[in-house]
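These notes are about the structure you will find just below.
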Amino acid sequence: FFDKDKHPARYQAECAKVAHALHHFGLVIVKDPRVAESDNNRFLNMMERYFAGSDGLRDARPEFGYQVGVTKDFVELPRNHCKSVGAYGPDNKPLSPCPPELDPKWRFFWRTGPMPEKTEFPQENMDAVIPAEFPEWKEVMDGWGGQMTTALFTLAEMAAVGFNMEPDAFTSRMKFGPHLLAPTGSDFNKHAKEGTVLAGFHYDLNFLTIHGKSRFPGLYVWTRQGARTAVSVPDGCLLVQAGKQIEYLTGGHVLAGFHEVVVNKATRRVIESKQAKNE
C-alpha cells in the first residue's frame, strides 16, 4: 500500500488478495507496520483491570442502547439465526444454543475518529464515558482506536481496488461514521468451563470489524461455504471481519461472517497457564 505508486502491480496483487479473502472467507488477516503491538498490550492491560473492577452500572448508558460506555454480562442477546444454523452439517454447527441466550461477556463502547458537525443520529454520537479511576483512559483508547481506524481505512481502499471499484468507494462512506472501539471481556473465574459460549452465534451489523490479537483463543468463524473454522491470529497481526454493511454494498459478493466465541481446550490451557503464574 505504501509503495503503490512505485510498485503498482504489486499493490494490485495485494488488493486482489484482500478481495479474495473477504469474498471466500469473510475475513482477512493483515499486518500494518503503523500498528504497535506494545499499544495493543497497554490497551488490553487497561481493559482487563477495568472489567475486573467495574460494577457494570455506573458507566452504563442503557438509555442510549448501550452505544457508549459499559455493557455488563447477560445484557447482550444475539439475534435468532436458528434457521441458518439448520443449514449446516453436523461438523459445522455452532455450540451456541438455539434459541439464543444472553451472552456472559462484558463490552465497552468508545467512539473513535472525528464526529460530524450535524447528525440525525444523536444516539450514535454521544459524549464519551471516561472511568475516573483511569487517568490514562482517553489517551489509551484514542491511541489504539486511532490505529485500528487508520488500518481499516487502508484495508477498505485496498478491498475496493481489489473489487475493481473506485478506490474511495468505501472510504468516502466511512468518513465521520460512528466508528467504535468495542473491547469485550469475560470473567474466567465464573465462565471457564470448556464449551461455555461467551459470544453467541451472530454476524456484525457494521461495515468491517477489526481486532488486535486476543490473549485467549476461542473465536470460530464460518466461511462462505459454511465451514466452521477456529481463528488463529499471528503475533503482530490484525483480524478484519466482514459485517452486514459490506454485504449490502457489494450486493452479497462479500457476506457478513457468522462467528461465535467459545471456551475450548486452547482457551483452557491459556487460563490454566495464567492462573499458575497468578496473572
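Here's how to read the names in the C-alpha cells: chain A, B, ... by the order shown, residue numbers from 1 in each chain, ligand numbers from 1 in the order shown.
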Which residues, written as a PDB file with N, CA, C and O atoms, in the first residue's frame, have at least one atom at most 9 Å from region 174-185 of chain A, with only C-alpha atoms counted and residues fewer than 4 positions away on the same chain left out?
ATOM      1  N   LEU A  44      -4.981  -3.775  26.282  1.00  0.00           N
ATOM      2  CA  LEU A  44      -5.538  -4.968  26.913  1.00  0.00           C
ATOM      3  C   LEU A  44      -5.318  -4.955  28.424  1.00  0.00           C
ATOM      4  O   LEU A  44      -6.209  -5.357  29.191  1.00  0.00           O
ATOM      5  N   MET A  47      -7.919  -2.647  29.909  1.00  0.00           N
ATOM      6  CA  MET A  47      -9.275  -3.185  29.849  1.00  0.00           C
ATOM      7  C   MET A  47      -9.459  -4.338  30.827  1.00  0.00           C
ATOM      8  O   MET A  47     -10.533  -4.489  31.433  1.00  0.00           O
ATOM      9  N   GLU A  48      -8.440  -5.170  31.017  1.00  0.00           N
ATOM     10  CA  GLU A  48      -8.549  -6.247  31.995  1.00  0.00           C
ATOM     11  C   GLU A  48      -8.754  -5.677  33.400  1.00  0.00           C
ATOM     12  O   GLU A  48      -9.568  -6.187  34.177  1.00  0.00           O
ATOM     13  N   PHE A  51     -12.483  -4.201  33.549  1.00  0.00           N
ATOM     14  CA  PHE A  51     -13.554  -5.189  33.665  1.00  0.00           C
ATOM     15  C   PHE A  51     -13.521  -5.889  35.028  1.00  0.00           C
ATOM     16  O   PHE A  51     -14.564  -6.245  35.581  1.00  0.00           O
ATOM     17  N   GLN A  67     -24.794   2.192  23.497  1.00  0.00           N
ATOM     18  CA  GLN A  67     -23.896   2.523  22.397  1.00  0.00           C
ATOM     19  C   GLN A  67     -22.702   3.359  22.845  1.00  0.00           C
ATOM     20  O   GLN A  67     -21.873   3.763  22.025  1.00  0.00           O
ATOM     21  N   VAL A  68     -22.608   3.612  24.135  1.00  0.00           N
ATOM     22  CA  VAL A  68     -21.449   4.269  24.724  1.00  0.00           C
ATOM     23  C   VAL A  68     -21.315   3.712  26.137  1.00  0.00           C
ATOM     24  O   VAL A  68     -22.303   3.353  26.779  1.00  0.00           O
ATOM     25  N   LYS A 105     -20.479 -12.319  28.334  1.00  0.00           N
ATOM     26  CA  LYS A 105     -19.340 -11.399  28.156  1.00  0.00           C
ATOM     27  C   LYS A 105     -19.719  -9.969  28.544  1.00  0.00           C
ATOM     28  O   LYS A 105     -20.883  -9.605  28.606  1.00  0.00           O
ATOM     29  N   TRP A 106     -18.691  -9.159  28.807  1.00  0.00           N
ATOM     30  CA  TRP A 106     -18.819  -7.714  29.007  1.00  0.00           C
ATOM     31  C   TRP A 106     -18.342  -7.005  27.753  1.00  0.00           C
ATOM     32  O   TRP A 106     -17.631  -7.585  26.920  1.00  0.00           O
ATOM     33  N   ARG A 107     -18.732  -5.711  27.626  1.00  0.00           N
ATOM     34  CA  ARG A 107     -18.277  -4.910  26.485  1.00  0.00           C
ATOM     35  C   ARG A 107     -18.150  -3.451  26.926  1.00  0.00           C
ATOM     36  O   ARG A 107     -18.814  -3.000  27.873  1.00  0.00           O
ATOM     37  N   PHE A 108     -17.278  -2.719  26.222  1.00  0.00           N
ATOM     38  CA  PHE A 108     -17.197  -1.270  26.417  1.00  0.00           C
ATOM     39  C   PHE A 108     -17.158  -0.609  25.044  1.00  0.00           C
ATOM     40  O   PHE A 108     -16.365  -1.009  24.181  1.00  0.00           O
ATOM     41  N   PHE A 109     -18.015   0.392  24.833  1.00  0.00           N
ATOM     42  CA  PHE A 109     -18.049   1.127  23.567  1.00  0.00           C
ATOM     43  C   PHE A 109     -17.375   2.486  23.748  1.00  0.00           C
ATOM     44  O   PHE A 109     -17.743   3.262  24.650  1.00  0.00           O
ATOM     45  N   TRP A 110     -16.424   2.759  22.842  1.00  0.00           N
ATOM     46  CA  TRP A 110     -15.705   4.041  22.841  1.00  0.00           C
ATOM     47  C   TRP A 110     -15.648   4.562  21.409  1.00  0.00           C
ATOM     48  O   TRP A 110     -15.133   3.881  20.521  1.00  0.00           O
ATOM     49  N   ARG A 111     -16.165   5.759  21.196  1.00  0.00           N
ATOM     50  CA  ARG A 111     -16.188   6.348  19.865  1.00  0.00           C
ATOM     51  C   ARG A 111     -14.789   6.789  19.447  1.00  0.00           C
ATOM     52  O   ARG A 111     -14.051   7.379  20.230  1.00  0.00           O
ATOM     53  N   THR A 112     -14.389   6.472  18.204  1.00  0.00           N
ATOM     54  CA  THR A 112     -13.092   6.903  17.680  1.00  0.00           C
ATOM     55  C   THR A 112     -13.300   7.717  16.415  1.00  0.00           C
ATOM     56  O   THR A 112     -14.279   7.524  15.690  1.00  0.00           O
ATOM     57  N   GLY A 113     -12.360   8.615  16.144  1.00  0.00           N
ATOM     58  CA  GLY A 113     -12.415   9.406  14.920  1.00  0.00           C
ATOM     59  C   GLY A 113     -13.262  10.656  15.085  1.00  0.00           C
ATOM     60  O   GLY A 113     -13.984  10.832  16.074  1.00  0.00           O
ATOM     61  N   PRO A 114     -13.196  11.571  14.095  1.00  0.00           N
ATOM     62  CA  PRO A 114     -13.938  12.837  14.169  1.00  0.00           C
ATOM     63  C   PRO A 114     -15.445  12.616  14.096  1.00  0.00           C
ATOM     64  O   PRO A 114     -15.929  11.707  13.428  1.00  0.00           O
ATOM     65  N   MET A 115     -16.174  13.466  14.804  1.00  0.00           N
ATOM     66  CA  MET A 115     -17.627  13.387  14.805  1.00  0.00           C
ATOM     67  C   MET A 115     -18.212  14.388  13.812  1.00  0.00           C
ATOM     68  O   MET A 115     -17.621  15.434  13.549  1.00  0.00           O
ATOM     69  N   PRO A 116     -19.361  14.093  13.238  1.00  0.00           N
ATOM     70  CA  PRO A 116     -19.977  15.036  12.291  1.00  0.00           C
ATOM     71  C   PRO A 116     -20.456  16.291  13.001  1.00  0.00           C
ATOM     72  O   PRO A 116     -20.853  16.247  14.174  1.00  0.00           O
ATOM     73  N   GLU A 124     -25.904   7.852  18.247  1.00  0.00           N
ATOM     74  CA  GLU A 124     -24.655   7.267  17.761  1.00  0.00           C
ATOM     75  C   GLU A 124     -23.463   8.185  18.007  1.00  0.00           C
ATOM     76  O   GLU A 124     -22.329   7.840  17.670  1.00  0.00           O
ATOM     77  N   ASN A 125     -23.696   9.371  18.551  1.00  0.00           N
ATOM     78  CA  ASN A 125     -22.628  10.358  18.711  1.00  0.00           C
ATOM     79  C   ASN A 125     -22.682  10.992  20.100  1.00  0.00           C
ATOM     80  O   ASN A 125     -22.582  12.200  20.261  1.00  0.00           O
ATOM     81  N   MET A 141      -7.349   4.741  24.806  1.00  0.00           N
ATOM     82  CA  MET A 141      -8.452   4.382  23.916  1.00  0.00           C
ATOM     83  C   MET A 141      -8.343   5.102  22.579  1.00  0.00           C
ATOM     84  O   MET A 141      -8.530   4.492  21.512  1.00  0.00           O
ATOM     85  N   ASP A 142      -8.050   6.395  22.607  1.00  0.00           N
ATOM     86  CA  ASP A 142      -7.899   7.141  21.354  1.00  0.00           C
ATOM     87  C   ASP A 142      -6.697   6.643  20.565  1.00  0.00           C
ATOM     88  O   ASP A 142      -6.735   6.570  19.328  1.00  0.00           O
ATOM     89  N   TRP A 144      -5.155   3.546  20.599  1.00  0.00           N
ATOM     90  CA  TRP A 144      -5.384   2.245  19.977  1.00  0.00           C
ATOM     91  C   TRP A 144      -6.537   2.308  18.969  1.00  0.00           C
ATOM     92  O   TRP A 144      -6.450   1.744  17.882  1.00  0.00           O
ATOM     93  N   GLY A 145      -7.598   3.022  19.322  1.00  0.00           N
ATOM     94  CA  GLY A 145      -8.715   3.163  18.397  1.00  0.00           C
ATOM     95  C   GLY A 145      -8.313   3.869  17.115  1.00  0.00           C
ATOM     96  O   GLY A 145      -8.759   3.495  16.021  1.00  0.00           O
ATOM     97  N   MET A 148      -6.473   1.400  14.899  1.00  0.00           N
ATOM     98  CA  MET A 148      -7.408   0.456  14.278  1.00  0.00           C
ATOM     99  C   MET A 148      -8.168   1.102  13.131  1.00  0.00           C
ATOM    100  O   MET A 148      -8.340   0.513  12.051  1.00  0.00           O
ATOM    101  N   THR A 149      -8.626   2.334  13.352  1.00  0.00           N
ATOM    102  CA  THR A 149      -9.393   3.033  12.314  1.00  0.00           C
ATOM    103  C   THR A 149      -8.534   3.322  11.092  1.00  0.00           C
ATOM    104  O   THR A 149      -8.967   3.131   9.944  1.00  0.00           O
ATOM    105  N   PHE A 153      -9.273   1.962   7.272  1.00  0.00           N
ATOM    106  CA  PHE A 153      -9.435   2.809   6.086  1.00  0.00           C
ATOM    107  C   PHE A 153      -8.521   2.320   4.964  1.00  0.00           C
ATOM    108  O   PHE A 153      -8.923   2.275   3.791  1.00  0.00           O
ATOM    109  N   PHE A 170     -15.538   2.812  -0.685  1.00  0.00           N
ATOM    110  CA  PHE A 170     -15.905   2.513   0.701  1.00  0.00           C
ATOM    111  C   PHE A 170     -15.504   3.639   1.654  1.00  0.00           C
ATOM    112  O   PHE A 170     -16.282   4.064   2.504  1.00  0.00           O
ATOM    113  N   PHE A 207     -19.814  -2.284   9.050  1.00  0.00           N
ATOM    114  CA  PHE A 207     -19.159  -2.460   7.761  1.00  0.00           C
ATOM    115  C   PHE A 207     -18.026  -3.485   7.849  1.00  0.00           C
ATOM    116  O   PHE A 207     -18.060  -4.545   7.222  1.00  0.00           O
ATOM    117  N   HIS A 211      -9.816  -6.351  14.826  1.00  0.00           N
ATOM    118  CA  HIS A 211      -9.366  -6.762  16.158  1.00  0.00           C
ATOM    119  C   HIS A 211      -7.841  -6.798  16.194  1.00  0.00           C
ATOM    120  O   HIS A 211      -7.207  -7.207  15.222  1.00  0.00           O
TER     121      HIS A 211
END
Might you pull out every residue within 12 Å of Val35 (chain A), with only C-alpha atoms counted and same-chain residues fewer than 5 positions away left off, and present them as a ChimeraX atom specification?
-> /A:30,40-41,143-152,211-213,235-238
Output C-alpha atoms of each residue in that selection to a file, as a tab-separated table (two decimals), in the first residue's frame.
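Final file, result.tsv:
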chain	number	residue	atom	x	y	z
A	30	VAL	CA	-3.29	-8.16	7.89
A	40	ASN	CA	-2.28	-3.39	21.99
A	41	ASN	CA	-0.78	-4.79	25.20
A	143	GLY	CA	-4.42	5.85	20.59
A	144	TRP	CA	-5.38	2.24	19.98
A	145	GLY	CA	-8.71	3.16	18.40
A	146	GLY	CA	-6.98	5.56	16.04
A	147	GLN	CA	-4.53	2.88	14.91
A	148	MET	CA	-7.41	0.46	14.28
A	149	THR	CA	-9.39	3.03	12.31
A	150	THR	CA	-6.41	4.05	10.20
A	151	ALA	CA	-5.66	0.42	9.37
A	152	LEU	CA	-9.29	-0.17	8.45
A	211	HIS	CA	-9.37	-6.76	16.16
A	212	GLY	CA	-5.91	-6.84	17.63
A	213	LYS	CA	-4.64	-10.26	18.68
A	235	ASP	CA	1.63	-12.17	16.61
A	236	GLY	CA	1.65	-8.55	15.47
A	237	CYS	CA	-1.24	-9.03	13.05
A	238	LEU	CA	-4.84	-7.82	12.93
Check the DSSP output for the backbone and give back, as a ChimeraX atom specification, the residues of region 23-244 of chain A in strand (DSSP E or B).
-> /A:27-30,60,69-71,106-111,180-181,184-185,197-202,208-211,219-222,228-230,238-242
Quote the spacing between CA of Asp187 (chain A) and CA of Asp73 (chain A) in Å to one decimal place.
->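 Those two atoms sit 9.1 Å apart.
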Excluding Leu205 (chain A) and residues on its chain fewer than 2 positions from it, collect all residues at most 12 Å away from it, counting only C-alpha atoms, and give them as a ChimeraX atom specification.
-> /A:78-79,202-203,207-209,241-248,255-258
Skipping near chain neighbours, those fewer than 6 positions away, what residues fall within 7 Å of Pro104 (chain A) using only C-alpha atoms, listed as a ChimeraX atom specification?
-> /A:73-74,186,198
Go ahead and save the residues from that selection, with N, CA and C atoms, as a PDB file, in the first residue's frame.
ATOM      1  N   ASP A  73     -22.287  -8.241  31.814  1.00  0.00           N
ATOM      2  CA  ASP A  73     -22.642  -9.591  31.376  1.00  0.00           C
ATOM      3  C   ASP A  73     -24.154  -9.820  31.426  1.00  0.00           C
ATOM      4  N   PHE A  74     -24.616 -10.703  30.564  1.00  0.00           N
ATOM      5  CA  PHE A  74     -26.025 -11.105  30.477  1.00  0.00           C
ATOM      6  C   PHE A  74     -26.954  -9.933  30.149  1.00  0.00           C
ATOM      7  N   SER A 186     -14.397 -11.385  29.502  1.00  0.00           N
ATOM      8  CA  SER A 186     -15.166 -12.428  30.178  1.00  0.00           C
ATOM      9  C   SER A 186     -14.477 -12.792  31.488  1.00  0.00           C
ATOM     10  N   LEU A 198     -19.237 -17.727  25.113  1.00  0.00           N
ATOM     11  CA  LEU A 198     -19.047 -16.371  25.622  1.00  0.00           C
ATOM     12  C   LEU A 198     -19.737 -15.335  24.746  1.00  0.00           C
TER      13      LEU A 198
END
List the neighbours of Gly69 (chain A) out to 10 Å using only C-alpha atoms; skip same-chain residues closer than 4 positions along the sequence, and give me the result as a VMD selection string.
-> chain A and resid 56 to 62 64 107 to 111 126 to 131 182
Quick one: of A:Thr267, A:Thr154, A:Ser214, A:Thr196, who's nearest to Lys4 (chain A), counting only C-alpha atoms?
->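 Selected residue with least distance to Lys4 (chain A): A:Thr154.
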Please identify which residues in region 80-212 of chain A DSSP calls helix (DSSP H, G or I) from the backbone, and express them as number ranges by chain.
-> A: 82-85, 122-124, 137-162, 171-174
Output for the residues just chosen: N, CA and C atoms as a compact mmCIF listing (two decimals), in the first residue's frame:
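Output below, filename part21.txt:
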# COMPACT_ATOMS: atom_id res chain seq x y z
N CYS A 82 -31.43 -19.38 14.12
CA CYS A 82 -31.62 -20.84 14.17
C CYS A 82 -31.89 -21.42 12.79
N LYS A 83 -32.55 -20.65 11.92
CA LYS A 83 -32.83 -21.14 10.57
C LYS A 83 -31.52 -21.34 9.81
N SER A 84 -30.59 -20.40 9.96
CA SER A 84 -29.28 -20.54 9.29
C SER A 84 -28.51 -21.72 9.87
N VAL A 85 -28.58 -21.89 11.18
CA VAL A 85 -27.88 -23.00 11.83
C VAL A 85 -28.35 -24.33 11.28
N PRO A 122 -28.26 11.27 16.98
CA PRO A 122 -27.50 11.69 18.18
C PRO A 122 -27.14 10.53 19.08
N GLN A 123 -27.93 9.45 19.06
CA GLN A 123 -27.62 8.31 19.92
C GLN A 123 -26.34 7.61 19.49
N GLU A 124 -25.90 7.85 18.25
CA GLU A 124 -24.66 7.27 17.76
C GLU A 124 -23.46 8.19 18.01
N TRP A 137 -7.09 6.78 30.46
CA TRP A 137 -8.14 6.14 29.65
C TRP A 137 -8.25 6.73 28.25
N LYS A 138 -8.46 8.03 28.16
CA LYS A 138 -8.69 8.66 26.86
C LYS A 138 -7.47 8.50 25.95
N GLU A 139 -6.29 8.69 26.49
CA GLU A 139 -5.07 8.54 25.69
C GLU A 139 -4.94 7.13 25.12
N VAL A 140 -5.17 6.13 25.96
CA VAL A 140 -5.03 4.74 25.53
C VAL A 140 -6.11 4.37 24.51
N MET A 141 -7.35 4.74 24.81
CA MET A 141 -8.45 4.38 23.92
C MET A 141 -8.34 5.10 22.58
N ASP A 142 -8.05 6.40 22.61
CA ASP A 142 -7.90 7.14 21.35
C ASP A 142 -6.70 6.64 20.57
N GLY A 143 -5.62 6.31 21.28
CA GLY A 143 -4.42 5.85 20.59
C GLY A 143 -4.63 4.53 19.87
N TRP A 144 -5.15 3.55 20.60
CA TRP A 144 -5.38 2.24 19.98
C TRP A 144 -6.54 2.31 18.97
N GLY A 145 -7.60 3.02 19.32
CA GLY A 145 -8.71 3.16 18.40
C GLY A 145 -8.31 3.87 17.11
N GLY A 146 -7.46 4.86 17.23
CA GLY A 146 -6.98 5.56 16.04
C GLY A 146 -6.16 4.66 15.13
N GLN A 147 -5.32 3.82 15.72
CA GLN A 147 -4.53 2.88 14.91
C GLN A 147 -5.44 1.88 14.19
N MET A 148 -6.47 1.40 14.90
CA MET A 148 -7.41 0.46 14.28
C MET A 148 -8.17 1.10 13.13
N THR A 149 -8.63 2.33 13.35
CA THR A 149 -9.39 3.03 12.31
C THR A 149 -8.53 3.32 11.09
N THR A 150 -7.31 3.77 11.32
CA THR A 150 -6.41 4.05 10.20
C THR A 150 -6.14 2.80 9.39
N ALA A 151 -5.89 1.68 10.07
CA ALA A 151 -5.66 0.42 9.37
C ALA A 151 -6.88 0.00 8.56
N LEU A 152 -8.06 0.24 9.11
CA LEU A 152 -9.29 -0.17 8.45
C LEU A 152 -9.57 0.68 7.22
N PHE A 153 -9.27 1.96 7.27
CA PHE A 153 -9.43 2.81 6.09
C PHE A 153 -8.52 2.32 4.96
N THR A 154 -7.30 1.97 5.32
CA THR A 154 -6.36 1.45 4.32
C THR A 154 -6.89 0.16 3.70
N LEU A 155 -7.34 -0.75 4.55
CA LEU A 155 -7.84 -2.03 4.05
C LEU A 155 -9.09 -1.84 3.19
N ALA A 156 -9.95 -0.91 3.57
CA ALA A 156 -11.17 -0.65 2.80
C ALA A 156 -10.83 -0.15 1.40
N GLU A 157 -9.82 0.70 1.31
CA GLU A 157 -9.39 1.16 -0.02
C GLU A 157 -8.83 0.01 -0.84
N MET A 158 -8.03 -0.84 -0.20
CA MET A 158 -7.47 -1.98 -0.92
C MET A 158 -8.57 -2.94 -1.37
N ALA A 159 -9.58 -3.13 -0.53
CA ALA A 159 -10.70 -4.00 -0.92
C ALA A 159 -11.42 -3.45 -2.12
N ALA A 160 -11.66 -2.14 -2.14
CA ALA A 160 -12.34 -1.51 -3.27
C ALA A 160 -11.55 -1.71 -4.56
N VAL A 161 -10.25 -1.49 -4.50
CA VAL A 161 -9.40 -1.69 -5.67
C VAL A 161 -9.44 -3.15 -6.11
N GLY A 162 -9.40 -4.05 -5.16
CA GLY A 162 -9.46 -5.48 -5.47
C GLY A 162 -10.76 -5.90 -6.11
N THR A 171 -14.27 4.13 1.51
CA THR A 171 -13.76 5.10 2.48
C THR A 171 -14.55 6.41 2.47
N SER A 172 -15.08 6.79 1.31
CA SER A 172 -15.88 8.03 1.27
C SER A 172 -17.14 7.90 2.10
N ARG A 173 -17.62 6.68 2.28
CA ARG A 173 -18.81 6.43 3.10
C ARG A 173 -18.46 6.21 4.56
N MET A 174 -17.20 6.01 4.86
CA MET A 174 -16.76 5.78 6.23
C MET A 174 -16.45 7.07 6.98
Looking at only C-alpha atoms, which of A:Phe43, A:Val75, A:Leu27, A:His7 is the one that sits closest to Leu239 (chain A)?
->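 Residue with the minimum atom-to-atom distance to Leu239 (chain A): A:Leu27.
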Minimum-distance residue to Thr229 (chain A), chosen among A:Ser96, A:Glu260, A:Ile29, A:Phe134 (using only C-alpha atoms) |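 Of all the options, A:Glu260 lies closest to Thr229 (chain A).
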Selected residue, from A:Arg224, A:Arg42, A:Lys193, A:Arg215, that lies nearest to Glu136 (chain A) when counting only C-alpha atoms =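 Among A:Arg224, A:Arg42, A:Lys193, A:Arg215, it is A:Arg42 that comes nearest to Glu136 (chain A).
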Given the choices A:Ala16, A:Leu22, A:Ala9, A:Ala199, which gets closest to His253 (chain A) if the distance is worked out from only C-alpha atoms?
->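 Nearest to His253 (chain A): A:Leu22.
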Would you kindly return, as a VMD selection string, each protein, DNA or RNA residue with an atom no farther than 8 Å from any atom of region 269-279 of chain A, considering only C-alpha atoms and excluding same-chain residues fewer than 6 positions away?
-> chain A and resid 188 192 216
Can you tell me how far CA of Pro167 (chain A) sits from CA of Phe25 (chain A), in Å to one decimal?
->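 Atom-to-atom, CA of Pro167 (chain A) and CA of Phe25 (chain A) are spaced 21.8 Å apart.
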Please measure the separation of CA of Gly218 (chain A) and CA of Glu101 (chain A), giving the value in Å to one decimal.
->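 We find that CA of Gly218 (chain A) and CA of Glu101 (chain A) lie 18.2 Å from each other.
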